[in-house]
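Peer 1: Structure file final-v6.txt, compact mmCIF, C-alpha atoms and all ligand atoms, is pasted below:
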# COMPACT_ATOMS: atom_id res chain seq x y z
CA MET Q 1 -25.90 197.05 -141.51
CA GLN Q 2 -26.73 199.83 -139.08
CA ASN Q 3 -27.38 203.39 -140.11
CA GLU Q 4 -25.81 206.40 -138.49
CA LYS Q 5 -28.92 207.28 -136.54
CA MET Q 6 -29.21 203.81 -134.99
CA ILE Q 7 -25.54 203.86 -134.01
CA ARG Q 8 -25.90 207.25 -132.40
CA GLN Q 9 -29.08 206.31 -130.53
CA SER Q 10 -27.59 203.08 -129.21
CA TYR Q 11 -24.50 204.99 -128.17
CA GLU Q 12 -26.50 207.58 -126.28
CA ALA Q 13 -28.47 204.90 -124.47
CA ALA Q 14 -25.22 203.12 -123.57
CA ALA Q 15 -23.62 206.37 -122.43
CA ALA Q 16 -26.55 206.91 -120.05
CA VAL Q 17 -26.08 203.42 -118.59
CA TYR Q 18 -22.36 203.98 -118.11
CA ALA Q 19 -23.00 207.38 -116.55
CA GLN Q 20 -24.94 205.62 -113.81
CA TYR Q 21 -21.74 203.76 -113.00
CA GLY Q 22 -19.73 206.97 -113.03
CA VAL Q 23 -18.09 206.25 -116.40
CA ASP Q 24 -17.80 209.02 -118.99
CA THR Q 25 -17.96 207.28 -122.38
CA ASP Q 26 -16.90 210.36 -124.35
CA ALA Q 27 -13.75 210.68 -122.26
CA VAL Q 28 -13.04 206.97 -122.73
CA LEU Q 29 -13.33 207.31 -126.51
CA GLN Q 30 -10.85 210.17 -126.46
CA GLN Q 31 -8.46 207.99 -124.48
CA LEU Q 32 -8.89 204.99 -126.77
CA LYS Q 33 -8.08 207.12 -129.79
CA GLN Q 34 -4.67 207.95 -128.34
CA LEU Q 35 -3.64 204.40 -127.47
CA PRO Q 36 -1.57 202.85 -130.22
CA VAL Q 37 -1.54 199.13 -130.94
CA SER Q 38 1.47 197.97 -132.92
CA MET Q 39 0.29 195.88 -135.86
CA HIS Q 40 2.78 193.21 -136.90
CA CYS Q 41 3.63 193.15 -140.60
CA TRP Q 42 4.37 189.41 -140.55
CA GLN Q 43 0.73 188.26 -140.67
CA GLY Q 44 0.72 189.46 -144.29
CA ASP Q 45 3.09 186.84 -145.66
CA ASP Q 46 3.21 184.05 -143.07
CA VAL Q 47 6.47 185.41 -141.61
CA THR Q 48 8.31 184.85 -144.90
CA GLY Q 49 10.12 188.18 -145.04
CA LEU Q 50 11.50 190.00 -148.08
CA GLU Q 51 15.15 188.97 -148.11
CA ARG Q 52 14.83 186.26 -150.76
CA THR Q 53 17.93 184.32 -149.67
CA ALA Q 54 16.88 183.54 -146.11
CA GLY Q 55 13.56 184.05 -144.38
CA GLY Q 56 10.64 182.00 -143.16
CA VAL Q 57 10.12 180.60 -139.73
CA SER Q 58 12.18 178.25 -137.61
CA GLY Q 59 13.02 177.88 -133.96
CA GLY Q 60 9.70 176.50 -132.86
CA ILE Q 61 7.32 178.97 -134.44
CA MET Q 62 5.09 177.93 -137.30
CA SER Q 63 2.59 179.37 -139.73
CA THR Q 64 0.21 176.95 -141.41
CA GLY Q 65 -2.31 177.31 -144.22
CA ALA Q 66 -2.12 178.08 -147.93
CA TYR Q 67 -4.83 180.65 -148.44
CA PRO Q 68 -4.23 182.32 -151.82
CA GLY Q 69 -3.00 185.87 -152.17
CA LYS Q 70 -0.05 186.06 -149.80
CA ALA Q 71 2.08 189.17 -150.33
CA ARG Q 72 5.15 188.41 -152.46
CA ASN Q 73 7.10 191.63 -152.10
CA GLY Q 74 7.26 194.83 -150.11
CA ASP Q 75 4.85 196.75 -152.30
CA GLU Q 76 2.19 194.05 -152.05
CA LEU Q 77 2.65 193.80 -148.31
CA ARG Q 78 2.36 197.56 -147.90
CA SER Q 79 -0.72 197.63 -150.09
CA ASP Q 80 -2.32 194.92 -147.91
CA LEU Q 81 -1.39 196.83 -144.78
CA ASP Q 82 -2.88 199.99 -146.27
CA LEU Q 83 -6.20 198.28 -146.75
CA ALA Q 84 -6.17 196.79 -143.26
CA MET Q 85 -5.41 200.19 -141.74
CA THR Q 86 -8.46 201.76 -143.42
CA LEU Q 87 -10.64 199.16 -141.68
CA ILE Q 88 -9.21 199.49 -138.19
CA PRO Q 89 -10.11 202.43 -135.95
CA GLY Q 90 -7.71 204.15 -133.56
CA ARG Q 91 -3.96 204.55 -133.77
CA GLN Q 92 -1.68 201.95 -135.28
CA LYS Q 93 2.02 201.54 -135.37
CA ILE Q 94 3.47 199.03 -137.80
CA ASN Q 95 5.80 196.42 -136.39
CA LEU Q 96 8.60 195.31 -138.70
CA HIS Q 97 11.01 192.42 -138.50
CA ALA Q 98 14.56 192.76 -139.81
CA SER Q 99 13.70 190.06 -142.36
CA TYR Q 100 11.52 192.67 -144.09
CA ALA Q 101 14.63 194.43 -145.37
CA GLU Q 102 14.48 195.24 -149.07
CA LEU Q 103 17.93 194.39 -150.35
CA ASP Q 104 17.34 194.81 -154.08
CA GLY Q 105 19.77 192.06 -154.94
CA GLU Q 106 22.58 193.41 -152.79
CA SER Q 107 24.45 190.58 -151.13
CA VAL Q 108 24.48 191.63 -147.53
CA ASP Q 109 23.70 189.44 -144.54
CA ARG Q 110 21.71 190.30 -141.45
CA ASP Q 111 24.74 191.24 -139.38
CA ALA Q 112 25.36 194.14 -141.75
CA TYR Q 113 21.87 195.46 -142.41
CA GLU Q 114 21.59 199.21 -142.50
CA THR Q 115 18.82 201.73 -142.16
CA ARG Q 116 18.81 202.29 -145.92
CA HIS Q 117 17.58 198.72 -146.41
CA PHE Q 118 14.35 199.88 -144.80
CA SER Q 119 14.06 203.19 -146.64
CA ARG Q 120 10.87 202.17 -148.45
CA TRP Q 121 9.22 201.27 -145.17
CA ILE Q 122 10.32 204.54 -143.62
CA ALA Q 123 9.04 206.60 -146.54
CA TRP Q 124 5.75 204.69 -146.51
CA ALA Q 125 5.30 205.20 -142.76
CA LYS Q 126 6.15 208.89 -143.04
CA GLU Q 127 3.62 209.41 -145.79
CA ARG Q 128 0.91 207.84 -143.66
CA GLY Q 129 1.95 209.41 -140.41
CA VAL Q 130 2.30 206.03 -138.72
CA ALA Q 131 5.13 205.11 -136.39
CA LEU Q 132 7.17 201.90 -136.66
CA ASP Q 133 8.49 199.26 -134.30
CA PHE Q 134 11.26 196.79 -135.00
CA ASN Q 135 12.57 193.29 -134.24
CA PRO Q 136 15.86 191.58 -135.03
CA THR Q 137 15.13 188.32 -136.86
CA CYS Q 138 17.07 185.54 -135.15
CA PHE Q 139 15.35 182.69 -136.99
CA GLY Q 140 14.72 181.55 -140.56
CA HIS Q 141 18.41 181.68 -141.38
CA PRO Q 142 21.14 179.03 -141.91
CA LYS Q 143 23.02 180.37 -138.89
CA ALA Q 144 19.97 179.64 -136.72
CA ALA Q 145 19.73 176.02 -137.87
CA ASP Q 146 20.83 174.64 -134.48
CA ASN Q 147 18.12 176.58 -132.64
CA LEU Q 148 20.91 178.45 -130.89
CA THR Q 149 21.80 182.03 -131.75
CA LEU Q 150 22.90 184.45 -129.02
CA SER Q 151 23.68 181.49 -126.77
CA HIS Q 152 25.46 179.38 -129.38
CA PRO Q 153 28.69 177.92 -128.00
CA ASP Q 154 30.39 178.65 -131.34
CA GLU Q 155 31.84 182.13 -131.00
CA SER Q 156 31.48 182.97 -134.71
CA ILE Q 157 27.76 182.15 -134.80
CA ARG Q 158 27.21 184.06 -131.62
CA ARG Q 159 29.13 187.01 -133.10
CA PHE Q 160 26.88 187.02 -136.18
CA TRP Q 161 23.71 187.27 -134.09
CA ILE Q 162 25.17 189.80 -131.69
CA ASP Q 163 26.08 191.96 -134.66
CA HIS Q 164 22.62 191.47 -136.12
CA CYS Q 165 20.98 192.60 -132.90
CA LYS Q 166 23.30 195.59 -132.67
CA ALA Q 167 22.49 196.51 -136.27
CA SER Q 168 18.78 196.20 -135.47
CA ARG Q 169 19.08 198.61 -132.56
CA ARG Q 170 20.96 201.07 -134.75
CA ILE Q 171 18.30 200.85 -137.46
CA ALA Q 172 15.48 201.11 -134.93
CA ALA Q 173 17.02 204.21 -133.36
CA ASP Q 174 17.49 205.78 -136.80
CA ILE Q 175 13.85 205.11 -137.61
CA GLY Q 176 12.76 206.57 -134.29
CA LYS Q 177 14.76 209.71 -134.96
CA GLU Q 178 13.43 210.00 -138.49
CA LEU Q 179 9.79 209.48 -137.53
CA GLY Q 180 9.94 211.40 -134.27
CA GLN Q 181 8.50 208.59 -132.17
CA PRO Q 182 10.35 205.92 -130.19
CA VAL Q 183 10.73 202.59 -131.91
CA VAL Q 184 10.31 199.56 -129.68
CA ASN Q 185 12.98 197.04 -130.65
CA ASN Q 186 12.01 193.62 -129.32
CA ILE Q 187 14.57 190.85 -129.11
CA TRP Q 188 13.24 187.34 -129.23
CA VAL Q 189 15.62 184.45 -129.80
CA PRO Q 190 14.48 180.89 -130.39
CA ASP Q 191 17.36 179.40 -128.43
CA GLY Q 192 16.56 176.10 -126.85
CA MET Q 193 16.85 172.34 -127.02
CA LYS Q 194 14.63 169.48 -127.99
CA ASP Q 195 15.88 167.32 -125.20
CA MET Q 196 17.26 167.82 -121.73
CA PRO Q 197 20.45 169.83 -121.70
CA ALA Q 198 23.27 168.76 -119.44
CA ASP Q 199 24.33 172.34 -118.85
CA ARG Q 200 21.43 174.78 -118.74
CA TYR Q 201 23.58 177.28 -116.89
CA ALA Q 202 26.18 177.60 -119.64
CA TYR Q 203 23.78 178.75 -122.41
CA ARG Q 204 22.07 181.18 -120.10
CA ARG Q 205 25.40 182.71 -119.18
CA LEU Q 206 26.22 183.07 -122.88
CA LEU Q 207 22.84 184.68 -123.54
CA ARG Q 208 23.40 187.13 -120.69
CA ASP Q 209 26.81 188.08 -122.00
CA SER Q 210 25.58 188.47 -125.58
CA LEU Q 211 22.73 190.70 -124.46
CA ASP Q 212 25.12 192.76 -122.33
CA GLU Q 213 27.18 193.47 -125.41
CA ILE Q 214 24.15 194.19 -127.60
CA LEU Q 215 22.65 196.63 -125.12
CA ALA Q 216 25.91 198.32 -124.15
CA GLU Q 217 25.41 201.15 -126.62
CA ARG Q 218 23.04 203.79 -125.19
CA TYR Q 219 20.44 205.46 -127.38
CA PRO Q 220 18.06 208.23 -126.34
CA ALA Q 221 14.68 206.91 -125.19
CA GLU Q 222 12.94 209.33 -127.57
CA TYR Q 223 14.23 207.15 -130.41
CA LEU Q 224 14.62 203.65 -129.09
CA LEU Q 225 13.07 201.47 -126.40
CA ASP Q 226 14.51 197.98 -126.03
CA ALA Q 227 12.56 194.90 -125.06
CA VAL Q 228 13.38 191.23 -124.46
CA GLU Q 229 10.79 188.48 -124.90
CA CYS Q 230 10.63 185.42 -122.69
CA LYS Q 231 9.19 182.05 -123.63
CA LEU Q 232 8.43 178.61 -122.29
CA PHE Q 233 8.94 176.28 -125.24
CA GLY Q 234 8.49 175.79 -128.97
CA VAL Q 235 7.97 172.87 -131.32
CA GLY Q 236 11.30 171.09 -131.57
CA VAL Q 237 12.62 172.93 -128.54
CA GLU Q 238 10.35 171.42 -125.93
CA SER Q 239 12.75 170.68 -123.12
CA TYR Q 240 14.66 173.89 -122.68
CA THR Q 241 14.30 177.54 -123.60
CA VAL Q 242 17.36 179.58 -122.75
CA GLY Q 243 15.44 182.86 -122.52
CA SER Q 244 12.80 181.72 -120.06
CA HIS Q 245 10.57 183.99 -117.96
CA GLU Q 246 12.88 183.78 -114.96
CA PHE Q 247 15.90 184.42 -117.13
CA TYR Q 248 14.51 187.64 -118.53
CA MET Q 249 12.99 188.84 -115.26
CA GLY Q 250 16.48 188.56 -113.84
CA TYR Q 251 18.07 189.98 -116.95
CA VAL Q 252 15.96 193.13 -117.02
CA ALA Q 253 16.78 193.85 -113.37
CA HIS Q 254 20.47 193.17 -114.03
CA ALA Q 255 20.56 195.39 -117.12
CA ARG Q 256 18.79 198.25 -115.41
CA ALA Q 257 21.14 198.03 -112.45
CA ASN Q 258 23.90 198.49 -115.01
CA GLY Q 259 22.43 201.64 -116.49
CA CYS Q 260 20.31 200.22 -119.29
CA ASP Q 261 17.28 202.23 -118.17
CA HIS Q 262 14.85 201.62 -120.97
CA LEU Q 263 14.84 197.88 -121.21
CA MET Q 264 11.44 196.27 -120.85
CA LEU Q 265 10.25 192.72 -120.54
CA THR Q 266 7.93 191.33 -123.21
CA LEU Q 267 5.13 189.01 -122.21
CA ASP Q 268 3.62 187.11 -125.11
CA MET Q 269 0.21 185.68 -124.26
CA GLY Q 270 1.20 182.34 -125.78
CA HIS Q 271 4.52 181.93 -124.01
CA PHE Q 272 3.53 180.23 -120.78
CA HIS Q 273 2.14 176.92 -119.67
CA PRO Q 274 -1.15 176.38 -121.51
CA THR Q 275 -3.28 177.04 -118.42
CA GLU Q 276 -1.16 179.94 -117.19
CA THR Q 277 -2.27 183.40 -118.29
CA ILE Q 278 -0.32 186.64 -118.19
CA ALA Q 279 -3.03 188.83 -116.61
CA ASP Q 280 -1.91 188.22 -113.03
CA LYS Q 281 1.70 189.00 -113.92
CA ILE Q 282 1.02 192.54 -115.13
CA SER Q 283 0.64 194.28 -111.76
CA SER Q 284 3.78 192.63 -110.38
CA LEU Q 285 5.81 193.67 -113.37
CA LEU Q 286 4.47 197.22 -113.36
CA LEU Q 287 5.46 197.55 -109.75
CA PHE Q 288 9.10 196.94 -110.56
CA ASN Q 289 9.36 198.06 -114.18
CA PRO Q 290 8.56 201.43 -115.68
CA LYS Q 291 7.40 199.87 -118.92
CA LEU Q 292 6.20 196.56 -120.28
CA LEU Q 293 5.55 195.16 -123.76
CA ILE Q 294 2.73 192.71 -124.36
CA HIS Q 295 2.40 190.53 -127.44
CA VAL Q 296 -1.30 190.04 -127.92
CA SER Q 297 -1.74 186.56 -129.31
CA ARG Q 298 -3.98 183.51 -129.00
CA GLY Q 299 -2.54 180.11 -128.31
CA VAL Q 300 -4.75 177.12 -129.01
CA LYS Q 301 -3.38 174.27 -126.89
CA TRP Q 302 0.14 175.53 -127.57
CA ASP Q 303 1.77 178.80 -128.67
CA SER Q 304 -0.01 178.49 -132.00
CA ASP Q 305 -0.31 182.22 -132.73
CA HIS Q 306 -3.94 182.07 -133.82
CA VAL Q 307 -5.65 185.31 -134.81
CA VAL Q 308 -6.63 187.30 -131.73
CA ILE Q 309 -10.30 187.49 -130.86
CA SER Q 310 -11.86 189.38 -127.99
CA ASP Q 311 -11.88 186.37 -125.71
CA GLU Q 312 -11.69 186.16 -121.95
CA GLN Q 313 -7.90 186.16 -121.89
CA VAL Q 314 -7.54 189.35 -123.89
CA PHE Q 315 -10.25 191.02 -121.81
CA ASP Q 316 -8.48 189.93 -118.64
CA VAL Q 317 -5.17 191.38 -119.81
CA MET Q 318 -6.72 194.73 -120.69
CA ARG Q 319 -8.68 194.88 -117.43
CA GLU Q 320 -5.51 194.24 -115.44
CA ILE Q 321 -3.71 197.04 -117.28
CA LYS Q 322 -6.61 199.38 -116.57
CA ARG Q 323 -6.87 198.42 -112.91
CA ALA Q 324 -3.16 199.07 -112.45
CA SER Q 325 -3.48 202.39 -114.33
CA GLY Q 326 -0.99 200.89 -116.75
CA PHE Q 327 -2.14 202.18 -120.14
CA GLY Q 328 0.67 204.50 -121.15
CA ARG Q 329 3.27 202.26 -119.53
CA VAL Q 330 2.27 199.08 -121.32
CA TYR Q 331 3.07 198.82 -125.01
CA LEU Q 332 0.70 196.58 -126.95
CA ALA Q 333 1.73 194.72 -130.07
CA THR Q 334 -0.14 192.00 -131.91
CA ASP Q 335 1.67 188.77 -132.75
CA PHE Q 336 -0.18 186.10 -134.68
CA PHE Q 337 0.11 184.45 -138.06
CA ASP Q 338 -2.54 182.42 -139.79
CA GLY Q 339 -2.08 181.48 -143.45
CA SER Q 340 -5.37 179.59 -143.68
CA ILE Q 341 -7.67 182.61 -144.00
CA ASN Q 342 -7.59 185.91 -145.86
CA ARG Q 343 -4.54 187.58 -144.33
CA VAL Q 344 -5.89 191.12 -144.48
CA ALA Q 345 -9.02 189.91 -142.69
CA ALA Q 346 -6.79 188.29 -140.07
CA TRP Q 347 -5.23 191.67 -139.28
CA VAL Q 348 -8.59 193.41 -139.14
CA ILE Q 349 -10.12 190.77 -136.87
CA GLY Q 350 -7.14 190.68 -134.53
CA LEU Q 351 -6.60 194.42 -134.27
CA ARG Q 352 -10.27 195.25 -133.86
CA ALA Q 353 -10.60 192.55 -131.20
CA THR Q 354 -7.62 193.97 -129.32
CA GLN Q 355 -9.06 197.47 -129.40
CA LYS Q 356 -12.49 196.24 -128.42
CA ALA Q 357 -10.99 194.62 -125.34
CA ILE Q 358 -9.08 197.82 -124.48
CA LEU Q 359 -12.33 199.75 -124.78
CA ALA Q 360 -14.26 197.34 -122.58
CA ALA Q 361 -11.53 197.66 -119.94
CA LEU Q 362 -11.52 201.45 -120.12
CA LEU Q 363 -15.29 201.41 -119.65
CA GLU Q 364 -15.15 199.20 -116.58
CA PRO Q 365 -16.41 200.98 -113.45
CA THR Q 366 -13.10 200.14 -111.80
CA GLU Q 367 -13.31 202.77 -109.08
CA LYS Q 368 -16.61 201.33 -107.92
CA LEU Q 369 -15.17 197.81 -107.80
CA LYS Q 370 -12.16 198.99 -105.83
CA ALA Q 371 -14.39 200.86 -103.37
CA LEU Q 372 -16.44 197.73 -102.72
CA GLU Q 373 -13.28 195.78 -102.17
CA GLN Q 374 -11.89 198.36 -99.76
CA ALA Q 375 -15.13 198.20 -97.82
CA GLY Q 376 -14.75 194.43 -97.58
CA ARG Q 377 -17.97 193.90 -99.54
CA TYR Q 378 -16.80 190.93 -101.59
CA THR Q 379 -20.30 189.71 -102.40
CA ASP Q 380 -21.11 193.07 -103.96
CA ARG Q 381 -17.73 193.18 -105.68
CA LEU Q 382 -18.43 189.89 -107.45
CA ALA Q 383 -21.99 190.92 -108.30
CA MET Q 384 -20.70 194.19 -109.79
CA MET Q 385 -17.89 192.53 -111.69
CA GLU Q 386 -20.40 190.16 -113.20
CA GLU Q 387 -22.67 193.07 -114.09
CA ALA Q 388 -19.79 195.03 -115.60
CA ARG Q 389 -19.02 192.24 -118.03
CA SER Q 390 -22.28 192.76 -119.89
CA LEU Q 391 -22.54 196.53 -119.88
CA PRO Q 392 -23.23 197.77 -123.43
CA TYR Q 393 -19.65 198.36 -124.56
CA THR Q 394 -20.50 197.15 -128.08
CA ALA Q 395 -22.67 200.22 -128.65
CA VAL Q 396 -19.71 202.38 -127.63
CA TRP Q 397 -17.47 200.37 -129.94
CA ASP Q 398 -19.80 200.92 -132.90
CA GLN Q 399 -19.83 204.64 -132.19
CA PHE Q 400 -16.02 204.63 -132.05
CA CYS Q 401 -15.80 202.94 -135.45
CA ALA Q 402 -18.33 205.34 -136.97
CA ALA Q 403 -16.54 208.37 -135.54
CA GLU Q 404 -13.21 207.08 -136.83
CA GLY Q 405 -14.68 206.62 -140.30
CA VAL Q 406 -14.20 202.86 -140.46
CA PRO Q 407 -16.93 200.30 -141.14
CA VAL Q 408 -19.20 199.36 -138.26
CA GLY Q 409 -19.79 195.71 -137.36
CA ALA Q 410 -18.71 193.17 -139.96
CA ASP Q 411 -19.28 195.64 -142.81
CA TRP Q 412 -15.50 195.82 -143.29
CA LEU Q 413 -15.68 192.36 -144.89
CA ASP Q 414 -17.07 193.90 -148.11
CA ALA Q 415 -13.85 195.81 -148.70
CA VAL Q 416 -11.77 192.71 -147.98
CA HIS Q 417 -13.80 190.56 -150.36
CA ALA Q 418 -13.55 193.16 -153.12
CA TYR Q 419 -9.77 193.39 -152.59
CA GLU Q 420 -9.49 189.62 -152.67
CA ASN Q 421 -11.29 189.49 -156.03
CA GLU Q 422 -9.49 192.43 -157.58
CA VAL Q 423 -6.00 192.07 -156.16
CA LEU Q 424 -5.23 188.96 -154.14
CA LYS Q 425 -6.60 186.47 -156.67
CA LEU Q 426 -4.19 187.80 -159.30
CA ARG Q 427 -1.19 186.84 -157.17
CA GLN Q 428 -1.05 183.16 -158.11
C1 LIG Q 501 7.94 183.76 -130.98
C2 LIG Q 501 7.70 185.13 -130.47
C3 LIG Q 501 8.07 186.24 -131.40
C4 LIG Q 501 7.66 185.98 -132.84
C5 LIG Q 501 7.81 187.15 -133.77
C6 LIG Q 501 7.73 186.74 -135.21
O1 LIG Q 501 7.39 182.78 -130.20
O2 LIG Q 501 6.37 185.27 -130.07
O3 LIG Q 501 7.55 187.43 -130.94
O4 LIG Q 501 6.33 185.54 -132.92
O5 LIG Q 501 8.95 187.83 -133.49
ZN ZN Q 502 5.74 187.22 -129.48
Please, can you express the file's structure as structure tokens?
Ligand code: RNT
Ligand code: ZN
Peer 2:
Amino acid sequence: MQNEKMIRQSYEAAAAVYAQYGVDTDAVLQQLKQLPVSMHCWQGDDVTGLERTAGGVSGGIMSTGAYPGKARNGDELRSDLDLAMTLIPGRQKINLHASYAELDGESVDRDAYETRHFSRWIAWAKERGVALDFNPTCFGHPKAADNLTLSHPDESIRRFWIDHCKASRRIAADIGKELGQPVVNNIWVPDGMKDMPADRYAYRRLLRDSLDEILAERYPAEYLLDAVECKLFGVGVESYTVGSHEFYMGYVAHARANGCDHLMLTLDMGHFHPTETIADKISSLLLFNPKLLIHVSRGVKWDSDHVVISDEQVFDVMREIKRASGFGRVYLATDFFDGSINRVAAWVIGLRATQKAILAALLEPTEKLKALEQAGRYTDRLAMMEEARSLPYTAVWDQFCAAEGVPVGADWLDAVHAYENEVLKLRQ
């Protein structure tokens, strides 16, 4: 527990250190405040969703753990999100999945969802002044049982998912219009096969054609930004993923050549070979794409979607965005789900870790490092990079939390424990 004076003093000492490296900490804090991170609603209920008839995960993603207190309806989920948001500094958006529709007993399937099915979310977001993002839910549904959706050879199943994705874009654009901020609508499909396909080409052609139809309708970029998420494999779909990295790299170029200007590629940190990281990919993608979406996640030995911590990989990603001057062009969204710990705490840990890594990157004396490199002084570059890793960014972080009126250090745990005792424990 630090008091205000200690936080301020540590901050001032840190600011003086950073100033020696030519970094203005006050300016960095102003910048950090403006950078939204989209917080995924699905950590709050283990990706169950609110539809009642369908829902849950399938298609190679999995949430494990039975920690008590999981949100059972929209109001509980929103209440949990409210608490998390009071404990996280900076700007959040809330990322919804179509499976968080509130249907109130109406028998309507995902291909016919409408904006009104999200009216409670929209009203809630409006009241709090937070923006929303959106995702069609192409899993956890009987029509996704084959692990094929947009690339299903059966025309009627494909039609259902195409219509669902079109409906999602319509809803997302409506929300963007209503809230006055663009909604990022990210399409991820689980499509793949457990064992070696005999015709990889055929499913990819179907996926391309389905996406062409889905994205044919143009919406203003002030309301809607589309994204497509690539992946390597999932449990049960180990041998083949239709929407691979190469597929979507090609697809985004193809779609843009056909006038779909606002389509971006989504890189999820867990969607590559276990030793392959996304940091090196960022500069290449920013060179050829105006925008990029990153799913901040933590894979442990596979795409396990563990709660994000401020580990080397997250730091690396943020540093690469900074070095490419990419903040502002890169959209950041968290994507993890752990049902084995307090779910509100999971959000707070993951979002704070993400922001901490953004801060550390913003504080990096990047210009100095680039100057050394340009001068061919690689020894000094490495020495400086090493030094930069342990500059006192934590003191700047504490100051940021204090200035934003959220608990400093692990003090936020008190609020989570109290909420667990007073609210979550009653949800048995
Ligand atoms: C799955 C993708 C996708 C999902 C969410 C729930 O591997 O990462 O982003 O996690 O849409
Ligand atoms: Zn993802």
Peer 1: Which polymer residues have any atom within 9 Å of an atom of Thr25 of chain Q, counting all atoms listed in the file, with same-chain residues fewer than 6 positions away left out, as a ChimeraX atom specification?
Peer 2: /Q:14-16,18-19,362-363,396
Peer 1: For the atom pair atom CA of Gly60 of chain Q and atom CA of Cys41 of chain Q, what is the interatomic distance in Å to one decimal place?
Peer 2: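 Here the two named atoms are 19.3 Å from each other.
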Peer 1: Per residue of chain Q within 6 Å of ligand LIG 501 (chain Q), note the shortest atom pair and the distance in Å to one decimal, counting all atoms listed in the file, and order the rows by chain and increasing residue number, as JSON lines.
Peer 2:
{"residue": "Q:Ile61", "atom": "CA", "partner": "Q:LIG501", "partner_atom": "O1", "distance": 5.7}
{"residue": "Q:Trp188", "atom": "CA", "partner": "Q:LIG501", "partner_atom": "C3", "distance": 5.7}
{"residue": "Q:Asp268", "atom": "CA", "partner": "Q:LIG501", "partner_atom": "O2", "distance": 6.0}
{"residue": "Q:Asp335", "atom": "CA", "partner": "Q:LIG501", "partner_atom": "O4", "distance": 5.7}
Peer 1: Atoms to include: C-alpha atoms. Write the selected residues as a tab-separated table (two decimals), in the coordinates of the input.
Peer 2:
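Written file, result.tsv:
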chain	number	residue	atom	x	y	z
Q	61	ILE	CA	7.32	178.97	-134.44
Q	188	TRP	CA	13.24	187.34	-129.23
Q	268	ASP	CA	3.62	187.11	-125.11
Q	335	ASP	CA	1.67	188.77	-132.75
Peer 1: Can you pull out every residue with an atom within 9 Å of ligand ZN 502 (chain Q)? Use all atoms listed in the file and format it as a list in words.
Peer 2: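 Using all atoms listed in the file, I find these residues within 9 Å of ligand ZN 502 (chain Q): Asn186, Trp188, Glu229, Cys230, Lys231, Thr266, Leu267, Asp268, Met269, Gly270, His271, Ile294, His295, Val296, Ser297, Asp305, Ala333, Thr334, Asp335 and Phe336 of chain Q.
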Peer 1: Mind giving me the straight-line distance from atom CA of Ala84 of chain Q to atom CA of Val348 of chain Q in Å, one decimal?
Peer 2: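 Interatomic distance, atom CA of Ala84 of chain Q to atom CA of Val348 of chain Q: 5.9 Å.
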Peer 1: Rank Q:His40, Q:Gly180, Q:Asp195, Q:Val57 by their smallest atom-to-atom distance to Asp133 of chain Q, using all atoms listed in the file, and report the top residue only.
Peer 2: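 Of the candidates, the smallest distance to Asp133 of chain Q is held by Q:His40.
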Peer 1: What is the distance between atom CA of Ala418 of chain Q and atom CA of Lys5 of chain Q, in Å to one decimal?
Peer 2: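 So the two atoms, atom CA of Ala418 of chain Q and atom CA of Lys5 of chain Q, lie 26.7 Å apart.
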Peer 1: I need the residue nearest Asn73 of chain Q from this list: Q:Pro153, Q:Lys301, Q:Arg427, Q:Gln399. Use all atoms listed in the file for the distance.
Peer 2: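 Between Q:Pro153, Q:Lys301, Q:Arg427, Q:Gln399, the residue approaching Asn73 of chain Q most closely is Q:Arg427.
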Peer 1: List the neighbours of Leu103 of chain Q out to 10 Å using only C-alpha atoms; skip same-chain residues closer than 4 positions along the sequence, and give me the result as a PyMOL selection string.
Peer 2: chain Q and resi 50-52+107-109+113-114+116-118
Peer 1: Grab the residues selected above and save them as a short mmCIF file (atom, residue, chain, number, x, y, z; two decimals), in the coordinates of the input with C-alpha atoms.
Peer 2:
data_model
loop_
_atom_site.label_atom_id
_atom_site.label_comp_id
_atom_site.auth_asym_id
_atom_site.auth_seq_id
_atom_site.Cartn_x
_atom_site.Cartn_y
_atom_site.Cartn_z
CA LEU Q 50 11.50 190.00 -148.08
CA GLU Q 51 15.15 188.97 -148.11
CA ARG Q 52 14.83 186.26 -150.76
CA SER Q 107 24.45 190.58 -151.13
CA VAL Q 108 24.48 191.63 -147.53
CA ASP Q 109 23.70 189.44 -144.54
CA TYR Q 113 21.87 195.46 -142.41
CA GLU Q 114 21.59 199.21 -142.50
CA ARG Q 116 18.81 202.29 -145.92
CA HIS Q 117 17.58 198.72 -146.41
CA PHE Q 118 14.35 199.88 -144.80
#
Peer 1: For segment 315-332 of chain Q, list every protein, DNA or RNA residue within 7 Å, evaluated using all atoms listed in the file, and leave out those in the same chain fewer than 3 positions away; present the list as an NGL selection string.
Peer 2: :Q and (37-38 or 278-279 or 282-283 or 290-296 or 310-312 or 357-358 or 361-362 or 366)
Peer 1: For a quick check of understanding, using all atoms listed in the file, which of Q:Asp26, Q:Glu102, Q:Asp209, Q:Asp80 has the smallest distance to Tyr11 of chain Q?
Peer 2: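 That would be Q:Asp26, the residue with the smallest distance to Tyr11 of chain Q.
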Peer 1: Name the closest residue to Val307 of chain Q among the candidates Q:Glu404, Q:Gln43, Q:Ala125, Q:Gln20; distances are taken between atoms, counting all atoms listed in the file.
Peer 2: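 The closest residue to Val307 of chain Q is Q:Gln43.
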Peer 1: Kindly indicate which residue among Q:Asp212, Q:Asp24, Q:Asp75, Q:Glu386 lies nearest to Glu12 of chain Q, using only C-alpha atoms for the distances.
Peer 2: Q:Asp24
Peer 1: Which residue, Q:Cys165, Q:Ile94, Q:Ala54, Q:Cys260, has the smallest gap to Ala145 of chain Q when you use only C-alpha atoms?
Peer 2: Q:Ala54
